[in-house]
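Below is one structure, written out as structure tokens, with a few remarks after it.
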Amino acid sequence: REGIKIEKSCEQGVCGTCLCDVLEGEPDHRDVYLTDEEKESNDQILACCSRSKTKQLVLDI
Ligand code: FES
């Protein structure tokens with residue numbers, strides 16, 4: 001919608017192609033790629049399928 005392109009492949013949270021660093025906010029992880037430990041650290045997100053638990057989520061794209 002904002003014209004920002006993220007490299008992606010499976011679009012199902014499986015392959016890891018769309019992995020982005022999280023700079024601010026808390027992701028709502030909906031992928032099966034990251035480990036539970038990685039999800040708990042909240043410093044990366046699979047942008048194709050995950051969402052945000054916070055009003056704003058800042059990604060390093
Ligand atoms: S495109 Fe495969 S995990 Fe996002």
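Ordered as shown in the structure tokens, chains take letters A, B, and onward, while each chain numbers its residues from 1 and ligands are numbered from 1 in the order shown.
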May I have the residues within 8 Å of ligand 1, computed using only C-alpha atoms and all ligand atoms, as a PyMOL selection string? chain A and resi 7-19+31+33+46-49
Can you tell me, as an MDAnalysis selection string, what residues are no more than 12 Å from Asp21 in chain A when counting only C-alpha atoms, ignoring any on the same chain fewer than 5 positions away? chainID A and resid 26:27 38:39 41:47 57:61
Write out the residues from the selection above, keeping C-alpha atoms, as a PDB file, in the first residue's frame.
```
ATOM      1  CA  GLU A  26       6.263  -5.766  19.455  1.00  0.00           C
ATOM      2  CA  PRO A  27       5.611  -8.231  16.616  1.00  0.00           C
ATOM      3  CA  GLU A  38      13.849 -15.927  18.523  1.00  0.00           C
ATOM      4  CA  LYS A  39      10.187 -14.921  18.701  1.00  0.00           C
ATOM      5  CA  SER A  41      13.441 -11.683  21.616  1.00  0.00           C
ATOM      6  CA  ASN A  42      11.122  -9.631  19.342  1.00  0.00           C
ATOM      7  CA  ASP A  43      14.027  -8.279  17.282  1.00  0.00           C
ATOM      8  CA  GLN A  44      13.097  -9.956  13.981  1.00  0.00           C
ATOM      9  CA  ILE A  45       9.878 -10.534  12.063  1.00  0.00           C
ATOM     10  CA  LEU A  46       8.698 -12.513   9.048  1.00  0.00           C
ATOM     11  CA  ALA A  47       6.880  -9.652   7.393  1.00  0.00           C
ATOM     12  CA  LEU A  57       5.985  -1.401  14.479  1.00  0.00           C
ATOM     13  CA  VAL A  58       9.213  -0.007  12.977  1.00  0.00           C
ATOM     14  CA  LEU A  59      11.148  -2.335  10.668  1.00  0.00           C
ATOM     15  CA  ASP A  60      14.649  -1.967   9.213  1.00  0.00           C
ATOM     16  CA  ILE A  61      13.763  -2.523   5.563  1.00  0.00           C
TER      17      ILE A  61
END
```
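Across range 10-53 of chain A, DSSP run on the backbone finds alpha helix (DSSP H) at A:Asp36, A:Glu37, A:Glu38, A:Lys39, A:Glu40, A:Ser41.
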Just write the chosen residues, N, CA and C atoms, as a compact mmCIF listing (two decimals), in the first residue's frame.
```txt
# COMPACT_ATOMS: atom_id res chain seq x y z
N ASP A 36 11.02 -20.44 19.07
CA ASP A 36 10.31 -19.76 20.16
C ASP A 36 11.21 -18.73 20.82
N GLU A 37 12.49 -19.07 20.97
CA GLU A 37 13.46 -18.16 21.58
C GLU A 37 13.62 -16.89 20.73
N GLU A 38 13.72 -17.08 19.43
CA GLU A 38 13.85 -15.93 18.52
C GLU A 38 12.59 -15.07 18.56
N LYS A 39 11.44 -15.69 18.63
CA LYS A 39 10.19 -14.92 18.70
C LYS A 39 10.13 -14.12 19.99
N GLU A 40 10.57 -14.71 21.09
CA GLU A 40 10.53 -14.01 22.38
C GLU A 40 11.46 -12.80 22.41
N SER A 41 12.52 -12.82 21.62
CA SER A 41 13.44 -11.68 21.62
C SER A 41 12.84 -10.47 20.89
```
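Note that CA of Gly25 in chain A and CA of Gly3 in chain A are 21.3 Å apart.
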List every residue of range 10-47 of chain A that DSSP, applied to the backbone of this structure, places in strand (DSSP E), and write the result as an MDAnalysis selection string. chainID A and resid 19:24 27:28 44:46
Could those residues be written to a file, using all heavy atoms, as a short mmCIF file (atom, residue, chain, number, x, y, z; two decimals), in the first residue's frame?
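Output saved as result-v3.cif:
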```
data_model
loop_
_atom_site.label_atom_id
_atom_site.label_comp_id
_atom_site.auth_asym_id
_atom_site.auth_seq_id
_atom_site.Cartn_x
_atom_site.Cartn_y
_atom_site.Cartn_z
N LEU A 19 12.55 -12.05 6.12
CA LEU A 19 13.00 -11.72 7.48
C LEU A 19 13.50 -10.27 7.56
O LEU A 19 14.32 -9.84 6.76
CB LEU A 19 14.12 -12.68 7.87
CG LEU A 19 14.63 -12.58 9.31
CD1 LEU A 19 13.54 -13.04 10.28
CD2 LEU A 19 15.88 -13.43 9.49
N CYS A 20 12.97 -9.53 8.52
CA CYS A 20 13.37 -8.12 8.72
C CYS A 20 13.70 -7.91 10.19
O CYS A 20 13.13 -8.55 11.07
CB CYS A 20 12.21 -7.18 8.39
SG CYS A 20 11.68 -7.21 6.69
N ASP A 21 14.61 -6.96 10.44
CA ASP A 21 14.90 -6.56 11.81
C ASP A 21 13.81 -5.62 12.33
O ASP A 21 13.33 -4.76 11.59
CB ASP A 21 16.25 -5.85 11.89
CG ASP A 21 17.42 -6.82 11.69
OD1 ASP A 21 17.24 -8.02 11.95
OD2 ASP A 21 18.49 -6.36 11.28
N VAL A 22 13.45 -5.79 13.59
CA VAL A 22 12.47 -4.91 14.24
C VAL A 22 13.23 -3.87 15.05
O VAL A 22 14.08 -4.20 15.88
CB VAL A 22 11.55 -5.72 15.18
CG1 VAL A 22 10.63 -4.80 15.97
CG2 VAL A 22 10.74 -6.73 14.39
N LEU A 23 12.95 -2.60 14.79
CA LEU A 23 13.62 -1.50 15.49
C LEU A 23 12.81 -1.00 16.67
O LEU A 23 13.34 -0.50 17.65
CB LEU A 23 13.89 -0.34 14.52
CG LEU A 23 14.75 -0.69 13.30
CD1 LEU A 23 14.86 0.51 12.37
CD2 LEU A 23 16.13 -1.16 13.72
N GLU A 24 11.49 -1.13 16.57
CA GLU A 24 10.61 -0.60 17.62
C GLU A 24 9.26 -1.29 17.53
O GLU A 24 8.78 -1.59 16.45
CB GLU A 24 10.45 0.91 17.37
CG GLU A 24 9.66 1.65 18.42
CD GLU A 24 9.52 3.12 18.05
OE1 GLU A 24 10.52 3.73 17.62
OE2 GLU A 24 8.41 3.64 18.17
N PRO A 27 6.24 -7.44 17.68
CA PRO A 27 5.61 -8.23 16.62
C PRO A 27 4.61 -9.25 17.17
O PRO A 27 4.76 -9.75 18.28
CB PRO A 27 6.78 -8.97 15.96
CG PRO A 27 8.02 -8.33 16.46
CD PRO A 27 7.68 -7.73 17.79
N ASP A 28 3.62 -9.56 16.35
CA ASP A 28 2.70 -10.67 16.60
C ASP A 28 3.13 -11.77 15.63
O ASP A 28 2.72 -11.80 14.49
CB ASP A 28 1.27 -10.22 16.33
CG ASP A 28 0.26 -11.34 16.54
OD1 ASP A 28 0.65 -12.40 17.07
OD2 ASP A 28 -0.91 -11.15 16.16
N GLN A 44 13.24 -9.62 15.39
CA GLN A 44 13.10 -9.96 13.98
C GLN A 44 11.65 -10.34 13.70
O GLN A 44 10.92 -10.77 14.61
CB GLN A 44 14.00 -11.13 13.60
CG GLN A 44 15.49 -10.80 13.65
CD GLN A 44 16.33 -11.97 13.24
OE1 GLN A 44 16.15 -13.08 13.70
NE2 GLN A 44 17.27 -11.72 12.33
N ILE A 45 11.26 -10.19 12.44
CA ILE A 45 9.88 -10.53 12.06
C ILE A 45 9.86 -11.10 10.65
O ILE A 45 10.67 -10.69 9.81
CB ILE A 45 8.96 -9.29 12.15
CG1 ILE A 45 7.51 -9.65 11.90
CG2 ILE A 45 9.42 -8.20 11.18
CD1 ILE A 45 6.53 -8.51 12.15
N LEU A 46 8.97 -12.04 10.40
CA LEU A 46 8.70 -12.51 9.05
C LEU A 46 7.52 -11.67 8.57
O LEU A 46 6.37 -11.90 8.92
CB LEU A 46 8.36 -14.01 9.05
CG LEU A 46 9.52 -14.99 9.06
CD1 LEU A 46 10.33 -14.88 7.80
CD2 LEU A 46 10.41 -14.84 10.25
#
```
